[in-house]
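Participant: Just passing along the structure, written as structure tokens.
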Amino acid sequence: HEVTYDEHLERVGRLSAVIGDLGVGPQDRVAVLAGGSHVYIELWHACLAGSAIINPLNSRLAPDELVYILSDSASAVAFVDATYAPVIADIRDQLPELRKVVLIGDDDGPSDERLADLMAATTATDLPPEPDDDAAAVLMYTGGTTGLPKGVVLSQKAVALSIYRGQSIVDVGPDQSFLTFMPMFHIGGMSSWGFYVPLGGRVVIMPAYEPGAVNAAVRDEGITCVGAVPTMLAFMIQHPDFEPSMLESLQLVMYGAAPMPPQLLATLMELYPGLNFHQAYGMTEICALATALTRDDHRRGGDILGSVGRSLIGVDLEVRDPVTGEPTPEGEIGEIWLRSDSLMTEYWKKTEQTESSLVDGWYRSGDAARLDAHGYV
């Protein structure tokens, strides 16, 4: 299924009208539980255009966790595809505030409405009034290691600034083709709908990751960029059908969320001498991006390949003593503190946790790190 930019914008306007017709306002929450698709991108853009607050649901969560998130967020509408519609159907009786379940795609599944029917029934294609910078745009729940998931509230400004930040370091343009297979419920999936689409790049969407299918898609679609967790890259080149020629069109590999094994990076750089690499570190609370190890850093090599790079433009980063809050001496381990206009607004309905994490405009990440003399983390 191919969509032009004209068609995409028209569909986003139509979808915004559908969301309004469902009784949802700009500060109401709409949940999404689905695999990657062009409709998922349209939902992201309709909410960023001001039609609602998007609440993307982690498809790997257990039913009781989904009940908690949907109840805590008071999501009024859930958009689901056929794969996950039965999951919501099984817990629907525990969700009195969920008024409508809308089915994405052509396959069948338990729902109240089909999105295709709702889209066909409306003729409105105008976008909503432009939202304020500080208006909430995203409510994204993050697990943590203990306790219940916390809802991270991200403003329109936070998302926009993070997109600009990503575009400034990835060198995006209309001649680029990006293959997305990372989950669109994750803040790291922003690259699929935030980096390339606004600048006229081509985005090829896979509903899920499978290494053999990814290799084939890169070859067949002439993909120039992918974003992946290092383990995914390892599975791709270890796949029994892999041939080095399959990935020859790639110009850039973005990776993050886990350390890059040195041998894997060395193997990829040896296989593809002209291929560039870019690593990012961040979290939902800063709308994805805090630091980057750039393509130039990768070319220089050396000890910095063991780092996550340096803080990005518009992000202040300090390593502080977790007890005193004072900056640690160079090279000593402490806690990462971040300050940026793309920080979260709050943890949804969790005042105490918000106040302990946001201190004088800084976010306490809870992550341990050290800084070298050149600011590499």
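Scheme for the structure tokens: letters A, B, ... for chains in order shown; per-chain residue numbers from 1; ligand numbers from 1 in order shown.
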Report as JSON lines the residues of region 301-346 of chain A within 9 Å of region 149-156 of chain A, each with its shortest atom pair and distance in Å (one decimal), using only C-alpha atoms, ordered by chain and increasing residue number.
Facilitator:
{"residue": "A:Ser342", "atom": "CA", "partner": "A:Leu154", "partner_atom": "CA", "distance": 7.8}
{"residue": "A:Leu343", "atom": "CA", "partner": "A:Leu154", "partner_atom": "CA", "distance": 7.3}
{"residue": "A:Met344", "atom": "CA", "partner": "A:Leu154", "partner_atom": "CA", "distance": 4.9}
{"residue": "A:Thr345", "atom": "CA", "partner": "A:Val153", "partner_atom": "CA", "distance": 5.5}
{"residue": "A:Glu346", "atom": "CA", "partner": "A:Val153", "partner_atom": "CA", "distance": 5.6}
Participant: Would you mind listing what lies within 6 Å of Ala290 (chain A) as a VMD selection string, with only C-alpha atoms counted and same-chain residues fewer than 2 positions away left out?
Facilitator: chain A and resid 281 to 282 311 to 312
Participant: Calculate how many Å separate CA of Val214 (chain A) from CA of Leu250 (chain A), rounding to one decimal.
Facilitator: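 So the two atoms, CA of Val214 (chain A) and CA of Leu250 (chain A), lie 12.1 Å apart.
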Participant: Could you tell me, as JSON, numbers by chain, which residues of region 125-286 of chain A DSSP assigns to alpha helix (DSSP H) when given the backbone?
Facilitator: {"A": [156, 157, 158, 159, 160, 161, 162, 163, 164, 165, 166, 167, 168, 169, 170, 190, 211, 212, 213, 214, 215, 216, 217, 218, 219, 220, 221, 230, 231, 232, 233, 234, 235, 236, 237, 238, 262, 263, 264, 265, 266, 267, 268, 269, 270, 271]}
Participant: If we count only C-alpha atoms, what is near Ala373 (chain A) at a cut-off of 9 Å, once residues fewer than 3 positions away on the same chain are taken out, given as number ranges by chain?
Facilitator: A: 330-331, 376
Participant: Please report, as a Markdown table, each residue of region 80-103 of chain A lying at most 12 Å from region 6-28 of chain A, together with the nearest pair of atoms and the separation in Å rounded to one decimal; use only C-alpha atoms, and order rows by chain and ascending residue number.
Facilitator:
| residue | atom | partner | partner_atom | distance |
| --- | --- | --- | --- | --- |
| A:Glu97 | CA | A:Asp28 | CA | 11.5 |
| A:Leu98 | CA | A:Val24 | CA | 11.4 |
| A:Arg99 | CA | A:Leu22 | CA | 8.9 |
| A:Lys100 | CA | A:Leu22 | CA | 7.9 |
| A:Val101 | CA | A:Leu22 | CA | 10.4 |
| A:Val102 | CA | A:Leu22 | CA | 10.0 |
Participant: Using only C-alpha atoms, what table do you get, as a Markdown table, when you list each residue of region 111-210 of chain A with an atom no more than 7 Å from region 219-241 of chain A, its nearest pair of atoms, and their distance in Å rounded to one decimal, rows by chain then rising number?
Facilitator:
| residue | atom | partner | partner_atom | distance |
| --- | --- | --- | --- | --- |
| A:Gln176 | CA | A:Thr224 | CA | 5.9 |
| A:Ser177 | CA | A:Ile223 | CA | 5.0 |
| A:Phe178 | CA | A:Cys225 | CA | 4.9 |
| A:Leu179 | CA | A:Val226 | CA | 5.4 |
| A:Thr180 | CA | A:Val226 | CA | 6.6 |
| A:Met182 | CA | A:Ala228 | CA | 6.9 |
Participant: Could you write out that same residue set with C-alpha atoms as a PDB file, in the first residue's frame?
Facilitator:
ATOM      1  CA  GLN A 176      16.414   9.150   1.730  1.00  0.00           C
ATOM      2  CA  SER A 177      14.464   5.920   2.196  1.00  0.00           C
ATOM      3  CA  PHE A 178      13.982   4.770   5.782  1.00  0.00           C
ATOM      4  CA  LEU A 179      12.869   1.266   6.752  1.00  0.00           C
ATOM      5  CA  THR A 180      10.987   1.192  10.029  1.00  0.00           C
ATOM      6  CA  MET A 182      10.900  -0.673  15.496  1.00  0.00           C
TER       7      MET A 182
END
Participant: Where does region 286-328 of chain A meet region 161-167 of chain A within 9 Å, residue by residue, with the nearest atom pair and distance in Å to one decimal for each, counting only C-alpha atoms, listed by chain and rising number, as a tab-separated table?
Facilitator:
residue	atom	partner	partner_atom	distance
A:Ile286	CA	A:Ser162	CA	8.3
A:Cys287	CA	A:Ser162	CA	6.3
A:Ala288	CA	A:Ser162	CA	7.2
A:Leu289	CA	A:Ser162	CA	6.7
A:Leu312	CA	A:Arg165	CA	7.4
A:Ile313	CA	A:Arg165	CA	7.0
A:Gly314	CA	A:Arg165	CA	8.0
Participant: Store the residues picked out above in a file with C-alpha atoms, as an mmCIF file, in the first residue's frame.
Facilitator:
data_model
loop_
_atom_site.group_PDB
_atom_site.id
_atom_site.type_symbol
_atom_site.label_atom_id
_atom_site.label_comp_id
_atom_site.auth_asym_id
_atom_site.auth_seq_id
_atom_site.Cartn_x
_atom_site.Cartn_y
_atom_site.Cartn_z
ATOM 1 C CA ILE A 286 13.294 13.654 27.498
ATOM 2 C CA CYS A 287 11.277 12.710 24.420
ATOM 3 C CA ALA A 288 13.857 10.224 23.184
ATOM 4 C CA LEU A 289 17.147 12.023 22.527
ATOM 5 C CA LEU A 312 22.865 17.101 21.840
ATOM 6 C CA ILE A 313 22.171 20.719 20.977
ATOM 7 C CA GLY A 314 19.537 22.066 23.371
#
Participant: Quick check for you: according to DSSP on this backbone, which residues of region 192-302 of chain A are classed as strand (DSSP E)? Reply as a PyMOL selection string.
Facilitator: chain A and resi 202-205+225-228+252-256+276-281+291-293
Participant: Name all residues at most 7 Å from Ala280 (chain A) (count only C-alpha atoms; drop same-chain ones fewer than 5 positions away) and give them as a list in words.
Facilitator: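 Residues near the query, excluding close chain neighbours: Tyr255, Gly256, Leu289, Thr291, Ala292, Leu293 and Val308 of chain A.
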Participant: Can you write just those residues out, N, CA and C atoms, as a PDB file, in the first residue's frame?
Facilitator:
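Contents of selection15.pdb, freshly written:
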ATOM      1  N   TYR A 255      21.509   3.303  15.894  1.00  0.00           N
ATOM      2  CA  TYR A 255      21.294   2.261  16.892  1.00  0.00           C
ATOM      3  C   TYR A 255      21.273   2.866  18.283  1.00  0.00           C
ATOM      4  N   GLY A 256      20.721   2.101  19.225  1.00  0.00           N
ATOM      5  CA  GLY A 256      20.629   2.556  20.601  1.00  0.00           C
ATOM      6  C   GLY A 256      19.918   1.534  21.447  1.00  0.00           C
ATOM      7  N   LEU A 289      15.742  11.796  22.853  1.00  0.00           N
ATOM      8  CA  LEU A 289      17.147  12.023  22.527  1.00  0.00           C
ATOM      9  C   LEU A 289      17.853  12.924  23.531  1.00  0.00           C
ATOM     10  N   THR A 291      21.791  12.254  24.066  1.00  0.00           N
ATOM     11  CA  THR A 291      23.172  12.286  23.580  1.00  0.00           C
ATOM     12  C   THR A 291      23.269  11.563  22.245  1.00  0.00           C
ATOM     13  N   ALA A 292      24.377  11.809  21.551  1.00  0.00           N
ATOM     14  CA  ALA A 292      24.624  11.111  20.285  1.00  0.00           C
ATOM     15  C   ALA A 292      26.105  10.849  20.112  1.00  0.00           C
ATOM     16  N   LEU A 293      26.406   9.665  19.593  1.00  0.00           N
ATOM     17  CA  LEU A 293      27.734   9.320  19.095  1.00  0.00           C
ATOM     18  C   LEU A 293      27.606   9.386  17.578  1.00  0.00           C
ATOM     19  N   VAL A 308      28.290   6.756  24.836  1.00  0.00           N
ATOM     20  CA  VAL A 308      27.041   7.059  24.119  1.00  0.00           C
ATOM     21  C   VAL A 308      27.111   8.464  23.531  1.00  0.00           C
TER      22      VAL A 308
END
Participant: Just checking: using only C-alpha atoms, which residue out of A:Phe277, A:Tyr141, A:Trp337, A:Tyr5 ends up closest to Leu317 (chain A)?
Facilitator: A:Trp337
Participant: How far is it from CA of Gly105 (chain A) to CA of Leu70 (chain A), in Å with one decimal?
Facilitator: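 Between CA of Gly105 (chain A) and CA of Leu70 (chain A) the gap works out to 21.9 Å.
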Participant: Using only C-alpha atoms, which of A:Ile333, A:Ala116, A:Ala136, A:Ile205 sits nearest Pro183 (chain A)?
Facilitator: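 Result for the nearest residue to Pro183 (chain A): A:Ile205.
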Participant: Which polymer residues have any atom within 8 Å of an atom of Val319 (chain A), counting only C-alpha atoms, with same-chain residues fewer than 6 positions away left out, as a compact mmCIF listing (two decimals) with N, CA and C atoms, in the first residue's frame?
Facilitator:
# COMPACT_ATOMS: atom_id res chain seq x y z
N PRO A 327 27.98 18.18 41.08
CA PRO A 327 28.68 17.54 39.96
C PRO A 327 29.85 16.70 40.44
N THR A 328 30.04 15.55 39.83
CA THR A 328 31.14 14.67 40.19
C THR A 328 32.41 15.11 39.46
N ILE A 333 31.99 8.16 38.55
CA ILE A 333 30.63 7.75 38.27
C ILE A 333 29.63 8.51 39.14
N GLY A 334 28.57 8.95 38.51
CA GLY A 334 27.48 9.61 39.21
C GLY A 334 26.19 9.40 38.44
N GLU A 335 25.18 10.22 38.75
CA GLU A 335 23.87 10.11 38.12
C GLU A 335 23.71 11.16 37.03
N ILE A 336 23.16 10.76 35.89
CA ILE A 336 22.90 11.71 34.81
C ILE A 336 21.71 12.60 35.16
N TRP A 337 21.94 13.93 35.11
CA TRP A 337 20.88 14.93 35.23
C TRP A 337 20.77 15.64 33.88
N ALA A 369 26.66 7.07 35.10
CA ALA A 369 27.57 7.37 34.00
C ALA A 369 28.78 8.13 34.52
N ARG A 370 29.73 8.33 33.63
CA ARG A 370 30.84 9.23 33.92
C ARG A 370 31.15 10.01 32.64
N LEU A 371 31.73 11.20 32.81
CA LEU A 371 32.10 12.07 31.70
C LEU A 371 33.61 12.09 31.55
Participant: Using only C-alpha atoms, pick whichever of A:Pro86, A:Asp108, A:Val77, A:Ile91 has the shortest atom-to-atom distance to Glu65 (chain A).
Facilitator: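 Ranked by minimum distance to Glu65 (chain A), first place goes to A:Ile91.
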Participant: Calculated over only C-alpha atoms, which of the candidates A:Gly188, A:Pro128, A:Pro329, A:Gly147 has the smallest distance to Gly50 (chain A)?
Facilitator: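 Nearest to Gly50 (chain A): A:Pro128.
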Participant: Leaving out Ile54 (chain A) and any residue of its chain fewer than 2 positions from it, which residues lie within 10 Å of it when counting only C-alpha atoms, given as an NGL selection string?
Facilitator: :A and (26-32 or 43-48 or 50-52 or 56-57 or 75 or 78 or 136-140 or 185)
Participant: Hey, which of A:Thr267, A:Gln94, A:Thr284, A:Ser37 ends up closest to Val204 (chain A)? Count only C-alpha atoms.
Facilitator: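 So, comparing all the options, the nearest one is A:Ser37.
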Participant: Give me the residues near Arg364 (chain A) as a PyMOL selection string, where near means some atom within 10 Å (using only C-alpha atoms) and where sequence neighbours in that chain fewer than 4 positions away do not count.
Facilitator: chain A and resi 285+318-320+322+325+335-339+356-359
Participant: In Å, how far is it from CA of Gly309 (chain A) to CA of Val377 (chain A)?
Facilitator: 5.7 Å
